[in-house]
>>> print(open('data_33.pdb').read())   # PDB, C-alpha atoms
ATOM      1  CA  MET Y   1      11.561  62.987 -74.274
ATOM      2  CA  PHE Y   2      14.071  64.778 -76.440
ATOM      3  CA  GLN Y   3      13.667  65.183 -80.183
ATOM      4  CA  THR Y   4      16.058  64.556 -83.059
ATOM      5  CA  GLY Y   5      18.254  67.620 -83.491
ATOM      6  CA  ASP Y   6      18.016  68.722 -79.847
ATOM      7  CA  TRP Y   7      21.186  69.701 -78.019
ATOM      8  CA  ILE Y   8      21.331  68.027 -74.617
ATOM      9  CA  VAL Y   9      23.796  67.541 -71.782
ATOM     10  CA  CYS Y  10      24.319  63.858 -71.153
ATOM     11  CA  GLY Y  11      26.097  62.991 -67.916
ATOM     12  CA  GLY Y  12      29.861  63.192 -68.098
ATOM     13  CA  THR Y  13      29.845  63.151 -71.890
ATOM     14  CA  GLY Y  14      28.830  66.782 -72.027
ATOM     15  CA  VAL Y  15      26.876  68.431 -74.825
ATOM     16  CA  CYS Y  16      25.506  66.115 -77.485
ATOM     17  CA  ARG Y  17      23.155  66.439 -80.440
ATOM     18  CA  VAL Y  18      20.344  63.907 -80.616
ATOM     19  CA  GLU Y  19      21.028  62.261 -83.964
ATOM     20  CA  LYS Y  20      18.408  59.528 -83.887
ATOM     21  CA  ILE Y  21      15.812  57.944 -81.630
ATOM     22  CA  GLY Y  22      14.857  54.314 -82.031
ATOM     23  CA  PRO Y  23      15.956  50.722 -81.618
ATOM     24  CA  LEU Y  24      19.597  49.941 -82.310
ATOM     25  CA  GLU Y  25      20.498  47.553 -85.056
ATOM     26  CA  ASN Y  26      23.883  45.922 -85.493
ATOM     27  CA  ILE Y  27      25.021  47.004 -82.043
ATOM     28  CA  ARG Y  28      26.061  43.918 -80.120
ATOM     29  CA  ARG Y  29      25.128  45.058 -76.601
ATOM     30  CA  ALA Y  30      21.813  46.720 -77.503
ATOM     31  CA  GLN Y  31      18.714  45.204 -75.939
ATOM     32  CA  ARG Y  32      16.079  44.135 -78.432
ATOM     33  CA  GLY Y  33      12.966  46.245 -78.422
ATOM     34  CA  ARG Y  34      14.522  48.988 -76.330
ATOM     35  CA  ILE Y  35      14.505  52.549 -77.686
ATOM     36  CA  TYR Y  36      17.787  54.470 -77.629
ATOM     37  CA  TYR Y  37      19.007  57.991 -78.207
ATOM     38  CA  THR Y  38      21.918  58.067 -80.628
ATOM     39  CA  LEU Y  39      23.935  61.045 -79.420
ATOM     40  CA  ILE Y  40      26.784  62.796 -81.192
ATOM     41  CA  PRO Y  41      29.063  64.520 -78.647
ATOM     42  CA  LEU Y  42      30.180  68.040 -79.474
ATOM     43  CA  CYS Y  43      33.727  67.625 -78.168
ATOM     44  CA  GLN Y  44      34.390  63.940 -78.806
ATOM     45  CA  SER Y  45      34.332  61.641 -81.795
ATOM     46  CA  GLY Y  46      31.946  58.747 -82.228
ATOM     47  CA  ALA Y  47      28.428  58.226 -80.976
ATOM     48  CA  VAL Y  48      26.902  57.492 -77.598
ATOM     49  CA  TYR Y  49      23.853  55.244 -77.238
ATOM     50  CA  VAL Y  50      21.622  55.895 -74.247
ATOM     51  CA  PRO Y  51      18.297  54.154 -73.598
ATOM     52  CA  VAL Y  52      15.428  56.640 -73.602
ATOM     53  CA  ASP Y  53      14.290  55.237 -70.248
ATOM     54  CA  SER Y  54      17.791  55.454 -68.729
ATOM     55  CA  THR Y  55      18.404  57.051 -65.360
ATOM     56  CA  ALA Y  56      21.553  58.692 -66.751
ATOM     57  CA  PRO Y  57      21.447  62.419 -66.062
ATOM     58  CA  MET Y  58      20.276  64.193 -69.215
ATOM     59  CA  ARG Y  59      18.879  67.677 -69.634
ATOM     60  CA  PRO Y  60      18.381  70.219 -72.414
ATOM     61  CA  ALA Y  61      21.436  72.369 -73.106
ATOM     62  CA  LEU Y  62      21.219  75.977 -71.964
ATOM     63  CA  SER Y  63      19.300  78.444 -74.094
ATOM     64  CA  ARG Y  64      21.080  81.594 -75.275
ATOM     65  CA  GLU Y  65      19.131  83.607 -72.692
ATOM     66  CA  LYS Y  66      20.203  81.349 -69.811
ATOM     67  CA  ALA Y  67      23.800  81.288 -71.066
ATOM     68  CA  GLU Y  68      23.908  85.089 -71.198
ATOM     69  CA  ASP Y  69      22.396  85.221 -67.691
ATOM     70  CA  LEU Y  70      25.034  82.787 -66.392
ATOM     71  CA  ILE Y  71      27.853  84.832 -67.920
ATOM     72  CA  GLY Y  72      26.393  87.960 -66.344
ATOM     73  CA  ARG Y  73      26.462  86.263 -62.935
ATOM     74  CA  ILE Y  74      29.965  84.761 -63.099
ATOM     75  CA  ALA Y  75      31.394  87.396 -60.747
ATOM     76  CA  GLU Y  76      28.677  86.594 -58.182
ATOM     77  CA  ILE Y  77      29.131  82.822 -58.270
ATOM     78  CA  GLY Y  78      31.256  81.841 -55.292
ATOM     79  CA  GLY Y  79      34.363  79.792 -55.652
ATOM     80  CA  GLY Y  80      36.080  79.264 -52.357
ATOM     81  CA  ARG Y  81      39.207  77.367 -51.488
ATOM     82  CA  CYS Y  82      40.188  73.754 -51.431
ATOM     83  CA  ASP Y  83      42.459  73.282 -48.433
ATOM     84  CA  LEU Y  84      42.549  69.513 -48.821
ATOM     85  CA  ARG Y  85      46.002  68.031 -49.367
ATOM     86  CA  ASP Y  86      45.197  64.360 -49.949
ATOM     87  CA  GLN Y  87      44.950  63.864 -53.725
ATOM     88  CA  LYS Y  88      42.077  61.387 -53.433
ATOM     89  CA  LEU Y  89      40.055  63.759 -51.275
ATOM     90  CA  VAL Y  90      40.769  66.674 -53.622
ATOM     91  CA  SER Y  91      39.709  64.573 -56.598
ATOM     92  CA  SER Y  92      36.529  63.484 -54.833
ATOM     93  CA  HIS Y  93      35.738  67.080 -53.870
ATOM     94  CA  TYR Y  94      36.274  68.332 -57.428
ATOM     95  CA  ARG Y  95      34.326  65.425 -58.931
ATOM     96  CA  SER Y  96      31.314  66.367 -56.772
ATOM     97  CA  PHE Y  97      31.044  69.620 -58.746
ATOM     98  CA  LEU Y  98      31.088  67.784 -62.070
ATOM     99  CA  GLU Y  99      28.469  65.289 -60.938
ATOM    100  CA  THR Y 100      25.776  67.948 -60.487
ATOM    101  CA  HIS Y 101      25.844  68.616 -64.259
ATOM    102  CA  ARG Y 102      25.100  72.299 -63.528
ATOM    103  CA  CYS Y 103      26.928  75.150 -65.226
ATOM    104  CA  GLU Y 104      27.031  77.173 -62.008
ATOM    105  CA  ASP Y 105      28.946  74.353 -60.352
ATOM    106  CA  LEU Y 106      31.383  74.218 -63.267
ATOM    107  CA  VAL Y 107      32.045  77.936 -62.748
ATOM    108  CA  ARG Y 108      32.554  77.304 -59.011
ATOM    109  CA  LEU Y 109      34.979  74.489 -59.742
ATOM    110  CA  LEU Y 110      36.918  76.594 -62.242
ATOM    111  CA  LYS Y 111      37.243  79.376 -59.665
ATOM    112  CA  ILE Y 112      38.371  76.998 -56.916
ATOM    113  CA  VAL Y 113      40.951  75.298 -59.115
ATOM    114  CA  TYR Y 114      42.165  78.598 -60.539
ATOM    115  CA  CYS Y 115      42.821  79.896 -57.000
ATOM    116  CA  SER Y 116      44.567  76.656 -56.048
ATOM    117  CA  ARG Y 117      46.769  76.853 -59.148
ATOM    118  CA  GLU Y 118      47.635  80.507 -58.460
ATOM    119  CA  GLU Y 119      48.503  79.708 -54.848
ATOM    120  CA  SER Y 120      50.839  76.922 -55.978
ATOM    121  CA  LEU Y 121      52.558  79.255 -58.428
ATOM    122  CA  ARG Y 122      52.953  81.988 -55.751
ATOM    123  CA  GLU Y 123      54.641  79.405 -53.526
ATOM    124  CA  GLY Y 124      57.009  78.506 -56.359
ATOM    125  CA  LYS Y 125      55.393  75.108 -56.868
ATOM    126  CA  LYS Y 126      53.972  73.500 -59.948
ATOM    127  CA  PRO Y 127      50.157  73.232 -59.968
ATOM    128  CA  ARG Y 128      48.908  69.829 -58.858
ATOM    129  CA  GLN Y 129      48.017  67.377 -61.614
ATOM    130  CA  VAL Y 130      44.581  66.917 -60.074
ATOM    131  CA  ASP Y 131      43.994  70.676 -60.422
ATOM    132  CA  GLU Y 132      45.075  70.650 -64.046
ATOM    133  CA  HIS Y 133      42.877  67.639 -64.845
ATOM    134  CA  TYR Y 134      39.706  69.051 -63.295
ATOM    135  CA  PHE Y 135      40.315  72.537 -64.667
ATOM    136  CA  ARG Y 136      40.552  71.154 -68.220
ATOM    137  CA  ARG Y 137      37.473  68.964 -67.756
ATOM    138  CA  ALA Y 138      35.293  71.694 -66.231
ATOM    139  CA  LYS Y 139      36.383  74.162 -68.913
ATOM    140  CA  GLU Y 140      35.650  71.657 -71.674
ATOM    141  CA  LEU Y 141      32.158  70.970 -70.316
ATOM    142  CA  LEU Y 142      31.316  74.631 -69.736
ATOM    143  CA  ASP Y 143      32.768  75.847 -73.038
ATOM    144  CA  GLY Y 144      30.889  73.096 -74.877
ATOM    145  CA  GLU Y 145      27.540  74.025 -73.430
ATOM    146  CA  LEU Y 146      28.041  77.756 -73.835
ATOM    147  CA  SER Y 147      29.251  77.300 -77.410
ATOM    148  CA  VAL Y 148      25.994  75.612 -78.389
ATOM    149  CA  ALA Y 149      23.895  78.225 -76.584
ATOM    150  CA  LEU Y 150      25.810  81.181 -78.050
ATOM    151  CA  GLY Y 151      26.391  79.740 -81.520
ATOM    152  CA  LEU Y 152      30.175  79.992 -81.149
ATOM    153  CA  PRO Y 153      32.958  77.451 -81.575
ATOM    154  CA  PRO Y 154      34.074  76.116 -78.157
ATOM    155  CA  GLU Y 155      37.479  77.784 -78.479
ATOM    156  CA  ALA Y 156      35.813  81.231 -78.855
ATOM    157  CA  VAL Y 157      33.773  81.011 -75.636
ATOM    158  CA  GLU Y 158      36.488  82.155 -73.222
ATOM    159  CA  GLY Y 159      37.179  85.291 -75.281
ATOM    160  CA  TYR Y 160      33.459  86.027 -75.496
ATOM    161  CA  ILE Y 161      33.097  85.733 -71.721
ATOM    162  CA  LEU Y 162      36.124  87.982 -71.095
ATOM    163  CA  ARG Y 163      34.807  90.625 -73.507
ATOM    164  CA  ARG Y 164      31.342  90.429 -71.942
ATOM    165  CA  ILE Y 165      32.676  90.744 -68.394
ATOM    166  CA  SER Y 166      34.925  93.663 -69.348
ATOM    167  CA  GLY Y 167      31.930  95.436 -70.861
ATOM    168  CA  SER Y 168      33.074  95.480 -74.477
ATOM    169  CA  LEU Y 169      30.016  93.410 -75.500
ATOM    170  CA  ALA Y 170      26.534  94.763 -74.970
TER     171      ALA Y 170
END
>>> encode(input="data_33.pdb", output="structure tokens")
Amino acid sequence: MFQTGDWIVCGGTGVCRVEKIGPLENIRRAQRGRIYYTLIPLCQSGAVYVPVDSTAPMRPALSREKAEDLIGRIAEIGGGRCDLRDQKLVSSHYRSFLETHRCEDLVRLLKIVYCSREESLREGKKPRQVDEHYFRRAKELLDGELSVALGLPPEAVEGYILRRISGSLA
């Protein structure tokens, strides 16, 4: 069980802070007697209410040590290509990376989509909307989790990673 103040990753919502744990009052759809996490998403407004005994995927956010390790391994994490042309199949393939809720898979997805976007641009085409959508989503989820682990605002994460990879950060 998580504690108030913990940073967790909650399904597709991304990184959230546990604001409160207890029964919900004045929430129409809440089940009486059931205990809920009240979660405040890092990158969204509002609150999310998740039963403590839910099967929704939830895990602690990365520690600084694990975040630094992940950044150090980015070059080693494989990406690959997505040769699928059917938009529904591409979307399903990309979504499978998001559904693992693992940072390594977000890095893989970002690499795959980046390569797909670059290939489109080399061919004189606009990047596919599905690529743009999943790139933004994966980046938002990864930047959110790394920002909490590193104590940085989400918009500073990409620069931190680039400086770390180039060797200008120890």
>>> closest_residue(input="data_33.pdb", among="Y:Glu145, Y:Asp6, Y:Glu118, Y:Glu123", to="Y:Leu70", atoms="all atoms listed in the file")
Y:Glu145
>>> resolve_selection(input="data_33.pdb", expression="the PyMOL selection byres ((chain Y and resi 83-100) around 12)", output="MDAnalysis selection string")
chainID Y and resid 9:14 56:59 79:82 101:113 115:116 119:120 128:142
>>> atom_distance(input="data_33.pdb", atom1="atom CA of Y:Arg29", atom2="atom CA of Y:Val48")
12.6 Å
>>> atom_distance(input="data_33.pdb", atom1="atom CA of Y:Gly159", atom2="atom CA of Y:Leu121")
23.6 Å
>>> resolve_selection(input="data_33.pdb", expression="the PyMOL selection byres ((chain Y and resi 151) around 12)", output="tab-separated table (two decimals) with C-alpha atoms, in the frame of the given file")
chain	number	residue	atom	x	y	z
Y	7	TRP	CA	21.19	69.70	-78.02
Y	62	LEU	CA	21.22	75.98	-71.96
Y	63	SER	CA	19.30	78.44	-74.09
Y	64	ARG	CA	21.08	81.59	-75.28
Y	67	ALA	CA	23.80	81.29	-71.07
Y	68	GLU	CA	23.91	85.09	-71.20
Y	143	ASP	CA	32.77	75.85	-73.04
Y	144	GLY	CA	30.89	73.10	-74.88
Y	145	GLU	CA	27.54	74.03	-73.43
Y	146	LEU	CA	28.04	77.76	-73.83
Y	147	SER	CA	29.25	77.30	-77.41
Y	148	VAL	CA	25.99	75.61	-78.39
Y	149	ALA	CA	23.90	78.22	-76.58
Y	150	LEU	CA	25.81	81.18	-78.05
Y	152	LEU	CA	30.18	79.99	-81.15
Y	153	PRO	CA	32.96	77.45	-81.58
Y	154	PRO	CA	34.07	76.12	-78.16
Y	155	GLU	CA	37.48	77.78	-78.48
Y	156	ALA	CA	35.81	81.23	-78.86
Y	157	VAL	CA	33.77	81.01	-75.64
Y	160	TYR	CA	33.46	86.03	-75.50
>>> resolve_selection(input="data_33.pdb", expression="the PyMOL selection byres ((chain Y and resi 1) around 8)", output="list in words")
Phe2, Gln3 and Val52 of chain Y
>>> axis_aligned_box(input="data_33.pdb", around="stretch 139-154 of chain Y", padding_each_side="3 Å", output="lines of an AutoDock Vina configuration file")
center_x = 30.1
center_y = 76.1
center_z = -75.2
size_x = 18.5
size_y = 16.2
size_z = 18.7
>>> decode(input="data_33.pdb", residues="stretch 109-150 of chain Y", atoms="N, CA and C atoms", output="CSV table (one decimal), in the first residue's frame")
chain,number,residue,atom,x,y,z
Y,109,LEU,N,9.7,3.0,-27.5
Y,109,LEU,CA,8.6,3.6,-28.4
Y,109,LEU,C,9.1,5.0,-28.9
Y,110,LEU,N,9.7,5.8,-28.1
Y,110,LEU,CA,10.2,7.1,-28.6
Y,110,LEU,C,11.2,6.9,-29.7
Y,111,LYS,N,12.1,5.9,-29.6
Y,111,LYS,CA,13.1,5.6,-30.6
Y,111,LYS,C,12.4,5.1,-31.9
Y,112,ILE,N,11.5,4.2,-31.8
Y,112,ILE,CA,10.8,3.7,-33.0
Y,112,ILE,C,10.0,4.8,-33.7
Y,113,VAL,N,9.3,5.7,-33.0
Y,113,VAL,CA,8.5,6.7,-33.6
Y,113,VAL,C,9.5,7.8,-34.2
Y,114,TYR,N,10.5,8.1,-33.5
Y,114,TYR,CA,11.5,9.1,-34.0
Y,114,TYR,C,12.0,8.6,-35.3
Y,115,CYS,N,12.4,7.3,-35.4
Y,115,CYS,CA,12.9,6.8,-36.7
Y,115,CYS,C,11.8,6.8,-37.8
Y,116,SER,N,10.6,6.5,-37.4
Y,116,SER,CA,9.5,6.6,-38.4
Y,116,SER,C,9.3,8.0,-38.9
Y,117,ARG,N,9.3,9.0,-38.0
Y,117,ARG,CA,9.2,10.4,-38.3
Y,117,ARG,C,10.3,10.8,-39.3
Y,118,GLU,N,11.5,10.5,-38.9
Y,118,GLU,CA,12.7,10.8,-39.8
Y,118,GLU,C,12.6,10.2,-41.2
Y,119,GLU,N,12.1,9.0,-41.2
Y,119,GLU,CA,12.0,8.3,-42.5
Y,119,GLU,C,10.9,9.1,-43.4
Y,120,SER,N,9.8,9.4,-42.8
Y,120,SER,CA,8.8,10.2,-43.5
Y,120,SER,C,9.4,11.5,-44.0
Y,121,LEU,N,10.1,12.2,-43.2
Y,121,LEU,CA,10.7,13.5,-43.6
Y,121,LEU,C,11.7,13.3,-44.7
Y,122,ARG,N,12.5,12.3,-44.7
Y,122,ARG,CA,13.5,12.0,-45.7
Y,122,ARG,C,12.8,11.7,-47.1
Y,123,GLU,N,11.6,11.1,-47.0
Y,123,GLU,CA,10.8,10.8,-48.2
Y,123,GLU,C,10.0,12.0,-48.7
Y,124,GLY,N,10.1,13.1,-47.9
Y,124,GLY,CA,9.4,14.3,-48.3
Y,124,GLY,C,7.9,14.3,-47.9
Y,125,LYS,N,7.6,13.4,-46.9
Y,125,LYS,CA,6.2,13.3,-46.4
Y,125,LYS,C,6.1,13.9,-45.0
Y,126,LYS,N,4.9,14.3,-44.7
Y,126,LYS,CA,4.7,14.7,-43.3
Y,126,LYS,C,4.6,13.5,-42.4
Y,127,PRO,N,5.1,13.6,-41.2
Y,127,PRO,CA,5.0,12.5,-40.2
Y,127,PRO,C,3.5,12.1,-40.0
Y,128,ARG,N,3.3,10.8,-39.8
Y,128,ARG,CA,1.9,10.3,-39.6
Y,128,ARG,C,1.4,10.9,-38.3
Y,129,GLN,N,0.1,11.2,-38.3
Y,129,GLN,CA,-0.5,11.7,-37.0
Y,129,GLN,C,-0.4,10.7,-35.9
Y,130,VAL,N,-0.5,9.4,-36.2
Y,130,VAL,CA,-0.4,8.4,-35.2
Y,130,VAL,C,1.0,8.5,-34.5
Y,131,ASP,N,2.1,8.7,-35.4
Y,131,ASP,CA,3.4,8.9,-34.8
Y,131,ASP,C,3.5,10.1,-33.9
Y,132,GLU,N,2.9,11.2,-34.3
Y,132,GLU,CA,3.0,12.4,-33.5
Y,132,GLU,C,2.3,12.2,-32.2
Y,133,HIS,N,1.1,11.6,-32.2
Y,133,HIS,CA,0.3,11.3,-31.0
Y,133,HIS,C,1.1,10.5,-30.0
Y,134,TYR,N,1.6,9.3,-30.5
Y,134,TYR,CA,2.3,8.4,-29.5
Y,134,TYR,C,3.7,9.0,-29.1
Y,135,PHE,N,4.3,9.8,-29.9
Y,135,PHE,CA,5.5,10.4,-29.5
Y,135,PHE,C,5.3,11.4,-28.4
Y,136,ARG,N,4.3,12.2,-28.5
Y,136,ARG,CA,3.9,13.2,-27.5
Y,136,ARG,C,3.5,12.5,-26.2
Y,137,ARG,N,2.7,11.4,-26.3
Y,137,ARG,CA,2.3,10.7,-25.1
Y,137,ARG,C,3.4,10.0,-24.4
Y,138,ALA,N,4.3,9.3,-25.1
Y,138,ALA,CA,5.4,8.6,-24.5
Y,138,ALA,C,6.4,9.6,-23.9
Y,139,LYS,N,6.6,10.7,-24.5
Y,139,LYS,CA,7.5,11.8,-24.0
Y,139,LYS,C,6.9,12.4,-22.7
Y,140,GLU,N,5.6,12.6,-22.7
Y,140,GLU,CA,4.9,13.2,-21.5
Y,140,GLU,C,5.1,12.2,-20.3
Y,141,LEU,N,4.8,10.9,-20.6
Y,141,LEU,CA,4.9,10.0,-19.5
Y,141,LEU,C,6.3,9.8,-19.0
Y,142,LEU,N,7.3,9.7,-19.9
Y,142,LEU,CA,8.7,9.5,-19.5
Y,142,LEU,C,9.2,10.8,-18.8
Y,143,ASP,N,9.0,12.0,-19.4
Y,143,ASP,CA,9.4,13.2,-18.8
Y,143,ASP,C,8.8,13.4,-17.4
Y,144,GLY,N,7.6,13.0,-17.3
Y,144,GLY,CA,6.9,13.2,-16.0
Y,144,GLY,C,7.6,12.3,-14.9
Y,145,GLU,N,7.8,11.1,-15.2
Y,145,GLU,CA,8.4,10.2,-14.2
Y,145,GLU,C,9.9,10.6,-13.9
Y,146,LEU,N,10.6,11.0,-14.9
Y,146,LEU,CA,12.0,11.4,-14.7
Y,146,LEU,C,12.1,12.7,-14.0
Y,147,SER,N,11.1,13.6,-14.2
Y,147,SER,CA,11.1,14.9,-13.5
Y,147,SER,C,11.0,14.7,-12.0
Y,148,VAL,N,10.1,13.8,-11.6
Y,148,VAL,CA,9.9,13.5,-10.2
Y,148,VAL,C,11.2,12.9,-9.6
Y,149,ALA,N,11.7,11.9,-10.3
Y,149,ALA,CA,12.9,11.2,-9.8
Y,149,ALA,C,14.1,12.2,-9.7
Y,150,LEU,N,14.3,13.1,-10.7
Y,150,LEU,CA,15.4,14.0,-10.7
Y,150,LEU,C,15.2,15.3,-10.0
